>>> print(open('upload-v3.csv').read())   # CSV, C-alpha atoms
chain,number,residue,atom,x,y,z
A,47,MET,CA,0.0,0.0,0.0
A,48,LEU,CA,1.3,3.4,-1.0
A,49,ARG,CA,0.6,6.6,1.0
A,50,PHE,CA,2.1,10.0,1.4
A,51,ALA,CA,3.0,11.4,4.8
A,52,HIS,CA,2.6,14.9,3.6
A,53,ILE,CA,0.2,14.7,0.7
A,54,GLU,CA,-0.5,18.4,0.7
A,55,PHE,CA,3.0,19.0,-0.7
A,56,LEU,CA,1.8,17.4,-4.0
A,57,TRP,CA,0.0,20.6,-4.8
A,58,GLY,CA,3.4,21.9,-5.8
A,59,LEU,CA,3.3,19.8,-9.0
A,60,LEU,CA,0.7,22.3,-10.3
A,61,ALA,CA,3.7,24.7,-10.8
A,62,ILE,CA,5.0,22.5,-13.6
A,63,PRO,CA,2.5,23.7,-16.3
A,64,LEU,CA,3.3,27.3,-15.3
A,65,PHE,CA,7.0,26.6,-15.8
A,66,LEU,CA,6.3,25.2,-19.2
A,67,LEU,CA,4.2,28.2,-20.3
A,68,LEU,CA,6.9,30.6,-19.1
A,69,PHE,CA,9.7,28.6,-20.9
A,70,ILE,CA,7.7,28.5,-24.1
A,71,ALA,CA,7.1,32.3,-23.9
A,72,VAL,CA,10.8,33.0,-23.3
A,73,SER,CA,11.8,30.7,-26.1
A,74,SER,CA,9.4,32.3,-28.5
A,75,TRP,CA,10.7,35.8,-27.5
A,76,LYS,CA,14.3,34.7,-28.2
A,77,LYS,CA,13.4,33.3,-31.6
A,78,LYS,CA,11.7,36.5,-32.6
A,79,ALA,CA,14.7,38.5,-31.3
A,80,VAL,CA,17.1,36.4,-33.4
A,81,ALA,CA,14.8,36.6,-36.5
A,82,SER,CA,14.7,40.4,-36.2
A,83,LEU,CA,18.5,40.5,-36.7
A,84,GLY,CA,18.3,39.5,-40.4
A,85,ASP,CA,18.4,36.4,-42.6
A,86,ARG,CA,18.4,33.2,-40.5
A,87,LYS,CA,21.4,31.6,-42.3
A,88,VAL,CA,23.5,34.7,-41.9
A,89,VAL,CA,22.6,35.0,-38.2
A,90,ASN,CA,23.5,31.3,-37.6
A,91,LEU,CA,26.9,32.0,-39.1
A,92,MET,CA,27.3,34.9,-36.7
A,93,ILE,CA,26.4,32.8,-33.7
A,94,PRO,CA,27.7,29.3,-34.6
A,95,HIS,CA,28.0,28.0,-31.1
A,96,VAL,CA,24.6,28.9,-29.8
A,97,SER,CA,22.4,25.9,-29.4
A,98,PHE,CA,18.6,26.1,-29.7
A,99,SER,CA,18.0,22.5,-28.5
A,100,ARG,CA,20.0,22.4,-25.3
A,101,PRO,CA,17.8,24.8,-23.4
A,102,TRP,CA,14.9,22.4,-24.0
A,103,LEU,CA,17.1,19.5,-22.6
A,104,LYS,CA,18.0,21.6,-19.6
A,105,PHE,CA,14.4,22.5,-19.0
A,106,ILE,CA,13.2,18.9,-19.1
A,107,LEU,CA,15.9,17.9,-16.7
A,108,PHE,CA,15.1,20.8,-14.3
A,109,THR,CA,11.3,20.0,-14.5
A,110,ALA,CA,11.9,16.3,-13.8
A,111,ALA,CA,14.2,17.2,-10.8
A,112,PHE,CA,11.5,19.6,-9.5
A,113,ALA,CA,8.8,16.9,-9.7
A,114,PHE,CA,11.0,14.4,-7.9
A,115,LEU,CA,11.8,17.0,-5.2
A,116,ILE,CA,8.0,17.6,-4.6
A,117,ILE,CA,7.3,13.9,-4.5
A,118,GLY,CA,10.2,13.4,-2.1
A,119,ALA,CA,9.0,16.2,0.1
A,120,ALA,CA,5.5,14.5,0.3
A,121,ASP,CA,7.4,11.5,1.7
A,122,PRO,CA,5.9,8.5,-0.1
A,123,GLN,CA,5.7,5.4,2.1
A,124,ILE,CA,5.0,1.8,1.4
A,125,GLY,CA,3.2,-0.5,3.8
A,126,SER,CA,5.3,-3.6,3.9
A,127,LYS,CA,3.1,-5.7,6.1
A,128,MET,CA,-0.6,-6.1,6.9
A,129,GLU,CA,-1.6,-7.0,10.4
A,130,GLU,CA,-4.9,-7.9,11.9
A,131,GLU,CA,-5.5,-6.1,15.1
A,132,LYS,CA,-8.2,-6.0,17.7
A,133,ARG,CA,-10.1,-2.7,18.1
A,134,LYS,CA,-12.8,-1.7,20.4
A,135,GLY,CA,-15.4,0.8,19.1
A,136,ALA,CA,-18.8,1.4,17.7
A,137,ASP,CA,-20.3,1.9,14.2
A,138,LEU,CA,-21.6,5.3,13.4
A,139,MET,CA,-23.6,6.1,10.3
A,140,ILE,CA,-24.0,9.8,9.2
A,141,LEU,CA,-27.2,10.4,7.1
A,142,LEU,CA,-26.7,13.7,5.3
A,143,ASP,CA,-29.5,15.6,3.6
A,144,VAL,CA,-28.3,16.9,0.1
A,145,SER,CA,-31.6,18.2,-1.1
A,146,ASN,CA,-31.6,21.7,-2.7
A,147,SER,CA,-33.1,23.2,0.5
A,148,MET,CA,-29.7,22.5,2.2
A,149,LEU,CA,-28.3,25.3,0.1
A,150,SER,CA,-30.3,27.9,2.0
A,151,GLN,CA,-28.1,30.5,3.5
A,152,ASP,CA,-29.7,31.0,7.0
A,153,MET,CA,-26.5,29.3,8.2
A,154,ALA,CA,-23.1,30.4,6.9
A,155,PRO,CA,-22.1,29.8,4.2
A,156,ASN,CA,-25.1,27.5,3.8
A,157,ARG,CA,-26.7,24.5,5.6
A,158,LEU,CA,-24.9,21.8,3.6
A,159,GLU,CA,-21.4,23.3,4.0
A,160,ASN,CA,-22.0,24.0,7.7
A,161,ALA,CA,-23.0,20.3,8.1
A,162,LYS,CA,-19.9,19.1,6.2
A,163,ARG,CA,-17.6,21.2,8.3
A,164,ALA,CA,-19.2,19.7,11.5
A,165,ILE,CA,-18.8,16.2,10.2
A,166,THR,CA,-15.1,16.9,9.5
A,167,GLN,CA,-14.7,18.0,13.1
A,168,LEU,CA,-16.5,14.8,14.2
A,169,ILE,CA,-14.1,12.6,12.2
A,170,ASP,CA,-11.1,14.4,13.7
A,171,ASN,CA,-12.3,13.4,17.1
A,172,LEU,CA,-12.9,9.7,16.3
A,173,HIS,CA,-10.5,7.0,17.4
A,174,ASN,CA,-11.4,3.4,16.9
A,175,ASP,CA,-15.1,3.9,15.9
A,176,ARG,CA,-16.1,3.1,12.4
A,177,ILE,CA,-17.9,5.6,10.3
A,178,GLY,CA,-20.1,5.5,7.2
A,179,ILE,CA,-22.0,8.1,5.2
A,180,VAL,CA,-25.4,8.0,3.5
A,181,VAL,CA,-26.6,10.9,1.3
A,182,PHE,CA,-30.2,11.4,0.6
A,183,ALA,CA,-32.7,13.7,-1.1
A,184,GLY,CA,-35.6,12.1,-2.9
A,185,GLU,CA,-33.6,8.8,-2.8
A,186,ALA,CA,-30.8,7.6,-0.6
A,187,TYR,CA,-27.3,6.3,-1.6
A,188,VAL,CA,-24.4,5.0,0.3
A,189,GLN,CA,-21.6,7.5,-0.1
A,190,LEU,CA,-19.1,5.7,2.1
A,191,PRO,CA,-19.4,2.2,3.6
A,192,VAL,CA,-18.6,1.7,7.3
A,193,THR,CA,-14.8,2.1,7.7
A,194,THR,CA,-12.0,3.1,10.0
A,195,ASP,CA,-10.2,4.9,7.2
A,196,TYR,CA,-10.9,8.5,8.3
A,197,SER,CA,-8.8,10.0,5.5
A,198,ALA,CA,-11.1,8.3,3.0
A,199,ALA,CA,-14.1,9.6,4.9
A,200,LYS,CA,-12.9,13.1,4.6
A,201,LEU,CA,-12.1,12.6,0.9
A,202,PHE,CA,-15.6,11.3,0.2
A,203,LEU,CA,-17.2,14.1,2.3
A,204,ASN,CA,-15.5,16.8,0.3
A,205,THR,CA,-17.2,15.5,-2.9
A,206,ILE,CA,-20.7,15.7,-1.5
A,207,ASN,CA,-23.0,18.2,-3.2
A,208,THR,CA,-26.7,18.7,-4.0
A,209,ASN,CA,-26.2,17.5,-7.6
A,210,MET,CA,-25.2,13.9,-6.6
A,211,VAL,CA,-28.8,12.7,-6.1
A,212,PRO,CA,-30.9,13.1,-9.2
A,213,THR,CA,-34.3,13.0,-7.5
A,214,GLN,CA,-35.2,16.0,-5.3
A,215,GLY,CA,-37.1,15.6,-2.1
A,216,THR,CA,-36.2,14.5,1.5
A,217,ALA,CA,-36.6,10.8,2.0
A,218,ILE,CA,-35.4,10.5,5.6
A,219,GLY,CA,-37.1,7.1,6.0
A,220,ALA,CA,-35.3,5.6,3.0
A,221,ALA,CA,-32.0,6.9,4.3
A,222,ILE,CA,-32.5,5.2,7.7
A,223,ASP,CA,-33.5,2.0,6.0
A,224,LEU,CA,-30.4,2.1,3.8
A,225,GLY,CA,-28.2,2.8,6.8
A,226,MET,CA,-29.6,-0.2,8.6
A,227,LYS,CA,-28.8,-2.4,5.6
A,228,SER,CA,-25.2,-1.0,5.6
A,229,PHE,CA,-24.5,-2.2,9.2
A,230,ASP,CA,-23.1,-5.6,9.9
A,231,PHE,CA,-25.1,-6.8,12.8
A,232,LYS,CA,-23.1,-10.0,13.1
A,233,ASP,CA,-20.0,-8.3,14.7
A,234,GLY,CA,-22.0,-7.3,17.7
A,235,THR,CA,-20.7,-3.7,17.9
A,236,GLY,CA,-22.9,-0.9,19.1
A,237,LYS,CA,-24.5,1.1,16.4
A,238,ALA,CA,-25.9,4.6,16.0
A,239,MET,CA,-27.1,7.0,13.3
A,240,ILE,CA,-26.9,10.8,13.1
A,241,ILE,CA,-29.3,12.4,10.7
A,242,ILE,CA,-28.3,15.9,9.6
A,243,THR,CA,-31.3,17.6,7.8
A,244,ASP,CA,-33.6,20.6,7.7
A,245,GLY,CA,-36.4,18.2,8.5
A,246,GLU,CA,-38.7,18.8,5.5
A,247,ASN,CA,-39.6,15.2,5.0
A,248,HIS,CA,-42.3,14.6,2.3
A,249,GLU,CA,-41.4,11.2,0.9
A,250,ASP,CA,-42.0,8.5,3.5
A,251,ASP,CA,-42.6,7.5,7.1
A,252,ALA,CA,-39.3,8.4,8.7
A,253,VAL,CA,-40.7,8.0,12.2
A,254,ALA,CA,-41.6,4.4,11.6
A,255,SER,CA,-38.1,3.7,10.2
A,256,ALA,CA,-36.5,5.3,13.2
A,257,LYS,CA,-38.7,3.2,15.5
A,258,TYR,CA,-37.6,0.1,13.6
A,259,ALA,CA,-34.0,1.0,14.0
A,260,ALA,CA,-34.4,1.6,17.7
A,261,GLY,CA,-35.9,-1.9,17.9
A,262,LYS,CA,-32.6,-3.2,16.6
A,263,ASP,CA,-30.7,-1.3,19.3
A,264,VAL,CA,-29.6,1.4,16.8
A,265,THR,CA,-30.1,4.9,18.3
A,266,VAL,CA,-31.2,7.6,15.8
A,267,SER,CA,-30.3,11.2,16.6
A,268,VAL,CA,-31.2,14.2,14.6
A,269,ILE,CA,-29.4,17.5,14.1
A,270,GLY,CA,-31.6,20.2,12.6
A,271,MET,CA,-30.0,22.5,10.1
A,272,GLY,CA,-31.6,25.9,9.5
A,273,SER,CA,-33.9,28.4,11.2
A,274,ALA,CA,-37.6,28.6,12.0
A,275,GLU,CA,-37.8,31.8,9.9
A,276,GLY,CA,-36.2,30.0,6.9
A,277,ALA,CA,-34.4,31.3,3.9
A,278,PRO,CA,-34.9,31.2,0.1
A,279,ILE,CA,-33.2,28.4,-1.9
A,280,PRO,CA,-30.6,29.8,-4.2
A,281,VAL,CA,-30.3,28.7,-7.9
A,282,PHE,CA,-26.8,28.4,-9.4
A,283,GLN,CA,-25.6,28.3,-13.0
A,284,ASN,CA,-22.0,27.6,-13.8
A,285,GLY,CA,-21.1,28.1,-10.1
A,286,LYS,CA,-22.8,31.5,-9.9
A,287,GLN,CA,-26.0,32.4,-8.1
A,288,VAL,CA,-28.6,33.6,-10.6
A,289,GLY,CA,-31.7,33.8,-8.3
A,290,PHE,CA,-33.9,31.8,-6.0
A,291,HIS,CA,-36.3,28.9,-6.5
A,292,THR,CA,-39.9,29.8,-7.1
A,293,ASP,CA,-43.2,27.9,-7.0
A,294,SER,CA,-45.7,27.5,-9.8
A,295,ALA,CA,-47.2,30.9,-9.0
A,296,GLY,CA,-43.8,32.6,-9.3
A,297,HIS,CA,-43.4,33.2,-5.5
A,298,THR,CA,-40.0,32.7,-3.9
A,299,VAL,CA,-39.8,29.4,-2.0
A,300,VAL,CA,-38.7,29.7,1.6
A,301,SER,CA,-37.2,26.7,3.3
A,302,LYS,CA,-37.8,26.5,7.0
A,303,LEU,CA,-36.4,24.1,9.6
A,304,ASP,CA,-39.1,21.5,10.6
A,305,GLU,CA,-38.1,20.9,14.2
A,306,THR,CA,-41.3,19.0,14.9
A,307,MET,CA,-40.4,16.3,12.4
A,308,GLY,CA,-36.8,16.2,13.7
A,309,LYS,CA,-37.9,15.7,17.3
A,310,GLU,CA,-40.4,13.0,16.4
A,311,ILE,CA,-37.7,11.0,14.5
A,312,ALA,CA,-35.3,11.4,17.4
A,313,ALA,CA,-37.9,10.3,20.0
A,314,ALA,CA,-38.8,7.3,17.9
A,315,GLY,CA,-35.2,6.4,17.5
A,316,GLN,CA,-34.5,6.8,21.2
A,317,GLY,CA,-31.9,9.4,20.3
A,318,THR,CA,-31.3,13.1,20.8
A,319,TYR,CA,-32.6,16.1,18.8
A,320,VAL,CA,-30.3,19.2,18.6
A,321,ARG,CA,-30.8,22.4,16.5
A,322,ALA,CA,-27.5,23.5,15.0
A,323,THR,CA,-26.4,27.1,14.9
A,324,ASN,CA,-23.5,28.9,13.3
A,325,ALA,CA,-21.6,28.8,16.6
A,326,ASN,CA,-22.5,25.2,17.6
A,327,SER,CA,-23.2,22.3,15.3
A,328,GLY,CA,-24.7,20.3,18.1
A,329,LEU,CA,-22.6,17.2,17.3
A,330,ASN,CA,-20.9,17.3,20.6
A,331,ILE,CA,-24.2,17.0,22.4
A,332,VAL,CA,-25.3,14.1,20.2
A,333,MET,CA,-21.9,12.4,20.6
A,334,GLU,CA,-22.3,12.5,24.4
A,335,GLN,CA,-25.2,10.1,24.0
A,336,ILE,CA,-23.6,8.1,21.3
A,337,ASN,CA,-20.5,7.6,23.5
A,338,LYS,CA,-22.8,5.6,25.8
A,339,VAL,CA,-23.3,3.1,23.1
A,340,GLN,CA,-21.7,-0.2,24.0
A,341,ARG,CA,-18.3,-0.6,22.3
A,342,LYS,CA,-17.2,-4.1,21.4
A,343,THR,CA,-14.0,-5.6,20.0
A,344,TYR,CA,-13.8,-6.2,16.3
A,345,ASP,CA,-11.1,-7.3,13.9
A,346,SER,CA,-9.4,-4.7,11.7
A,347,LYS,CA,-6.8,-5.3,9.0
A,348,THR,CA,-4.4,-2.4,8.6
A,349,PHE,CA,-1.0,-1.9,7.1
A,350,LYS,CA,1.9,-1.7,9.5
A,351,ASP,CA,5.6,-0.9,9.3
A,352,PHE,CA,5.4,1.8,6.6
A,353,GLU,CA,8.8,2.4,5.1
A,354,ASP,CA,9.9,5.8,3.8
A,355,ARG,CA,10.9,6.1,0.1
A,356,PHE,CA,11.6,9.8,-0.1
A,357,GLN,CA,15.3,9.3,-0.3
A,358,PHE,CA,15.1,7.7,-3.7
A,359,PHE,CA,13.2,10.6,-5.2
A,360,LEU,CA,15.5,13.2,-3.6
A,361,GLY,CA,18.5,11.2,-5.0
A,362,PHE,CA,17.1,11.2,-8.5
A,363,ALA,CA,16.4,14.9,-8.2
A,364,PHE,CA,20.0,15.6,-7.1
A,365,ILE,CA,21.4,13.6,-10.0
A,366,LEU,CA,19.2,15.4,-12.5
A,367,LEU,CA,20.2,18.8,-11.1
A,368,ILE,CA,23.9,18.0,-11.4
A,369,VAL,CA,23.5,16.8,-15.0
A,370,GLU,CA,21.5,19.9,-15.8
A,371,PHE,CA,24.2,22.1,-14.3
A,372,PHE,CA,27.0,20.7,-16.4
A,373,ILE,CA,25.0,21.0,-19.7
A,374,SER,CA,26.0,24.2,-21.4
A,375,ASN,CA,23.7,26.3,-23.5
A,376,ARG,CA,26.5,26.5,-26.1
A,377,LYS,CA,27.4,23.9,-28.6
A,378,SER,CA,30.4,21.7,-27.9
A,379,LEU,CA,33.3,22.7,-30.1
A,380,ARG,CA,34.7,19.2,-30.1
A,381,LEU,CA,31.4,17.6,-30.9
A,382,SER,CA,30.5,20.1,-33.6
A,383,GLY,CA,33.9,19.4,-35.2
A,384,LEU,CA,33.0,15.8,-35.6
A,385,LYS,CA,31.3,15.2,-39.0
A,386,LEU,CA,30.4,11.6,-38.7
A,387,PHE,CA,27.9,11.5,-41.5
A,388,GLU,CA,29.7,13.8,-43.9
A,389,VAL,CA,30.0,12.2,-47.4
A,390,LYS,CA,33.6,12.8,-48.7
A,391,LYS,CA,33.9,13.5,-52.4
A,392,ALA,CA,36.3,11.4,-54.4
>>> encode(input="upload-v3.csv", output="structure tokens")
Amino acid sequence: MLRFAHIEFLWGLLAIPLFLLLFIAVSSWKKKAVASLGDRKVVNLMIPHVSFSRPWLKFILFTAAFAFLIIGAADPQIGSKMEEEKRKGADLMILLDVSNSMLSQDMAPNRLENAKRAITQLIDNLHNDRIGIVVFAGEAYVQLPVTTDYSAAKLFLNTINTNMVPTQGTAIGAAIDLGMKSFDFKDGTGKAMIIITDGENHEDDAVASAKYAAGKDVTVSVIGMGSAEGAPIPVFQNGKQVGFHTDSAGHTVVSKLDETMGKEIAAAGQGTYVRATNANSGLNIVMEQINKVQRKTYDSKTFKDFEDRFQFFLGFAFILLIVEFFISNRKSLRLSGLKLFEVKKA
């Protein structure tokens, strides 16, 4: 298994296209400057030792060395051995509402981004608990199966948006049912769900689904996103806001937090209901109850004994830089004097 200890350093590779554009621009300027001096053949006789190909070779070597330096700085590591270890934890499933109403801006910057930020903080505070993510609007989909790979959880979380579920609506019941199917009840670990939504459920009987989950010893807690006053739902085109959603009569649709629904679902799921604010997501309150869920030992296979490989990349970069340094921009007098393919006249 390959991983990078400092993966953020790989952003430095984006500088390579900029180097290429700058080099092409400088090379083009030099060619125009030489062409302005007069006839090309005459100019070449005036500067016989100037090479137009060696700068490209030096640039390629420099760019390759830069790439190796960046990869080396990111510290690539290889997992040399996989071990099975015992961990004690619980299974936590996050059910995240991605309907268009979650774009309402009564929470900064909007309800969905506020929820994603809270989930990121939750993941940072997890240790041995497994986490999964289900996204839902008019339908529900598993975004991330239950896992202890918190880095993967953050990666998948960053890709979540309101366009990933084609059917609009808020099917909380379907999300709970899908979350239940995603759990492995054979391992005996404690299980819990956290629903993050604005509560406007119009698709199914979410209360009945929560009651069923509670019957299987799965607590269902709800975090309400939004305000009682509500806010209009913005409409975006090409990443820019162009207005707000309107109904058939042309009136602006205002999305309001349905706390009654959220409280009913939490009560049926024997969990906790919390209304989130800009200052407090409410996850800490919910986690206090979830921490009471019985944690049991389960098997987990993970890579151990990761070995650093940065030294190879730094070594390659050093060699390339030395080669690049000793290559001159001028033609070699000795090499240019060798006419290996010249045809001698009899």
>>> closest_residue(input="upload-v3.csv", among="A:Gly270, A:Pro122, A:Gly285, A:Gly328", to="Glu310 (chain A)", atoms="all atoms listed in the file")
A:Gly270
>>> atom_distance(input="upload-v3.csv", atom1="CA of Trp102 (chain A)", atom2="CA of Ile116 (chain A)")
21.1 Å
>>> residues_near_point(input="upload-v3.csv", point="(-21.8, 20.0, 6.2)", cutoff="12 Å", atoms="only C-alpha atoms", output="NGL selection string")
:A and (140-144 or 148-149 or 153-168 or 179 or 181 or 200 or 203-208 or 241-244 or 269-272 or 322 or 324 or 327 or 329)
>>> closest_residue(input="upload-v3.csv", among="A:Leu64, A:Phe182, A:Ile336, A:Asn209", to="Phe282 (chain A)", atoms="only C-alpha atoms")
A:Asn209
>>> residues_near_point(input="upload-v3.csv", point="(-36.3, 16.5, 10.2)", cutoff="6 Å", atoms="all atoms listed in the file", output="tab-separated table (two decimals) with C-alpha atoms, in the coordinates of the input")
chain	number	residue	atom	x	y	z
A	243	THR	CA	-31.30	17.60	7.80
A	244	ASP	CA	-33.60	20.60	7.70
A	245	GLY	CA	-36.40	18.20	8.50
A	246	GLU	CA	-38.70	18.80	5.50
A	304	ASP	CA	-39.10	21.50	10.60
A	307	MET	CA	-40.40	16.30	12.40
A	308	GLY	CA	-36.80	16.20	13.70
>>> atom_distance(input="upload-v3.csv", atom1="CA of Asp195 (chain A)", atom2="CA of Ile240 (chain A)")
18.7 Å
>>> atom_distance(input="upload-v3.csv", atom1="CA of Val299 (chain A)", atom2="CA of Ile279 (chain A)")
6.7 Å
>>> residues_around(input="upload-v3.csv", residues="Thr194 (chain A)", least_positions_apart="4", cutoff="9 Å", atoms="all atoms listed in the file", output="PyMOL selection string")
chain A and resi 173-178+198-199+346
>>> write_last_selection(input="upload-v3.csv", atoms="C-alpha atoms", output="mmCIF file, keeping the file's coordinate frame")
data_model
loop_
_atom_site.group_PDB
_atom_site.id
_atom_site.type_symbol
_atom_site.label_atom_id
_atom_site.label_comp_id
_atom_site.auth_asym_id
_atom_site.auth_seq_id
_atom_site.Cartn_x
_atom_site.Cartn_y
_atom_site.Cartn_z
ATOM 1 C CA HIS A 173 -10.500 7.000 17.400
ATOM 2 C CA ASN A 174 -11.400 3.400 16.900
ATOM 3 C CA ASP A 175 -15.100 3.900 15.900
ATOM 4 C CA ARG A 176 -16.100 3.100 12.400
ATOM 5 C CA ILE A 177 -17.900 5.600 10.300
ATOM 6 C CA GLY A 178 -20.100 5.500 7.200
ATOM 7 C CA ALA A 198 -11.100 8.300 3.000
ATOM 8 C CA ALA A 199 -14.100 9.600 4.900
ATOM 9 C CA SER A 346 -9.400 -4.700 11.700
#
>>> closest_residue(input="upload-v3.csv", among="A:Leu172, A:Ile124, A:Ala259, A:Met333", to="Thr318 (chain A)", atoms="all atoms listed in the file")
A:Met333
>>> residues_around(input="upload-v3.csv", residues="region 353-361 of chain A", least_positions_apart="4", cutoff="9 Å", atoms="only C-alpha atoms", output="list in words")
Ala51, Ala111, Ala113, Phe114, Leu115, Ile116, Ile117, Gly118, Ala119, Ala120, Asp121, Pro122, Gln123, Ile124, Gly125, Ser126, Ile365 and Leu366 of chain A
>>> write_last_selection(input="upload-v3.csv", atoms="C-alpha atoms", output="short mmCIF file (atom, residue, chain, number, x, y, z; two decimals), in the frame of the given file")
data_model
loop_
_atom_site.label_atom_id
_atom_site.label_comp_id
_atom_site.auth_asym_id
_atom_site.auth_seq_id
_atom_site.Cartn_x
_atom_site.Cartn_y
_atom_site.Cartn_z
CA ALA A 51 3.00 11.40 4.80
CA ALA A 111 14.20 17.20 -10.80
CA ALA A 113 8.80 16.90 -9.70
CA PHE A 114 11.00 14.40 -7.90
CA LEU A 115 11.80 17.00 -5.20
CA ILE A 116 8.00 17.60 -4.60
CA ILE A 117 7.30 13.90 -4.50
CA GLY A 118 10.20 13.40 -2.10
CA ALA A 119 9.00 16.20 0.10
CA ALA A 120 5.50 14.50 0.30
CA ASP A 121 7.40 11.50 1.70
CA PRO A 122 5.90 8.50 -0.10
CA GLN A 123 5.70 5.40 2.10
CA ILE A 124 5.00 1.80 1.40
CA GLY A 125 3.20 -0.50 3.80
CA SER A 126 5.30 -3.60 3.90
CA ILE A 365 21.40 13.60 -10.00
CA LEU A 366 19.20 15.40 -12.50
#
>>> closest_residue(input="upload-v3.csv", among="A:Leu68, A:Ser73, A:Phe112, A:Gln283", to="Phe364 (chain A)", atoms="all atoms listed in the file")
A:Phe112
>>> closest_residue(input="upload-v3.csv", among="A:Gln287, A:Ser374, A:Thr265, A:Ser273", to="Lys338 (chain A)", atoms="only C-alpha atoms")
A:Thr265
>>> closest_residue(input="upload-v3.csv", among="A:Asn337, A:Thr306, A:Gln214, A:Asn284", to="Val320 (chain A)", atoms="only C-alpha atoms")
A:Thr306
>>> residues_around(input="upload-v3.csv", residues="Ala238 (chain A)", least_positions_apart="6", cutoff="8 Å", atoms="only C-alpha atoms", output="number ranges by chain")
A: 136-139, 264-267, 336, 339
>>> decode(input="upload-v3.csv", residues="region 69-80 of chain A", atoms="N, CA and C atoms", output="tab-separated table (two decimals), in the first residue's frame")
chain	number	residue	atom	x	y	z
A	69	PHE	N	8.52	29.00	-20.00
A	69	PHE	CA	9.65	28.62	-20.85
A	69	PHE	C	9.32	28.80	-22.33
A	70	ILE	N	8.10	28.39	-22.72
A	70	ILE	CA	7.69	28.55	-24.12
A	70	ILE	C	7.64	30.03	-24.49
A	71	ALA	N	7.14	30.84	-23.58
A	71	ALA	CA	7.06	32.28	-23.86
A	71	ALA	C	8.44	32.88	-24.03
A	72	VAL	N	9.40	32.51	-23.18
A	72	VAL	CA	10.77	33.03	-23.29
A	72	VAL	C	11.43	32.53	-24.56
A	73	SER	N	11.23	31.24	-24.89
A	73	SER	CA	11.83	30.68	-26.12
A	73	SER	C	11.27	31.38	-27.35
A	74	SER	N	9.97	31.65	-27.35
A	74	SER	CA	9.35	32.35	-28.48
A	74	SER	C	9.92	33.76	-28.63
A	75	TRP	N	10.12	34.43	-27.50
A	75	TRP	CA	10.67	35.78	-27.54
A	75	TRP	C	12.10	35.77	-28.09
A	76	LYS	N	12.91	34.76	-27.69
A	76	LYS	CA	14.28	34.66	-28.19
A	76	LYS	C	14.31	34.43	-29.69
A	77	LYS	N	13.42	33.54	-30.18
A	77	LYS	CA	13.37	33.27	-31.62
A	77	LYS	C	13.01	34.52	-32.40
A	78	LYS	N	12.05	35.29	-31.90
A	78	LYS	CA	11.67	36.51	-32.57
A	78	LYS	C	12.80	37.53	-32.55
A	79	ALA	N	13.54	37.57	-31.43
A	79	ALA	CA	14.65	38.50	-31.33
A	79	ALA	C	15.75	38.15	-32.32
A	80	VAL	N	16.04	36.85	-32.47
A	80	VAL	CA	17.05	36.41	-33.43
A	80	VAL	C	16.60	36.68	-34.85
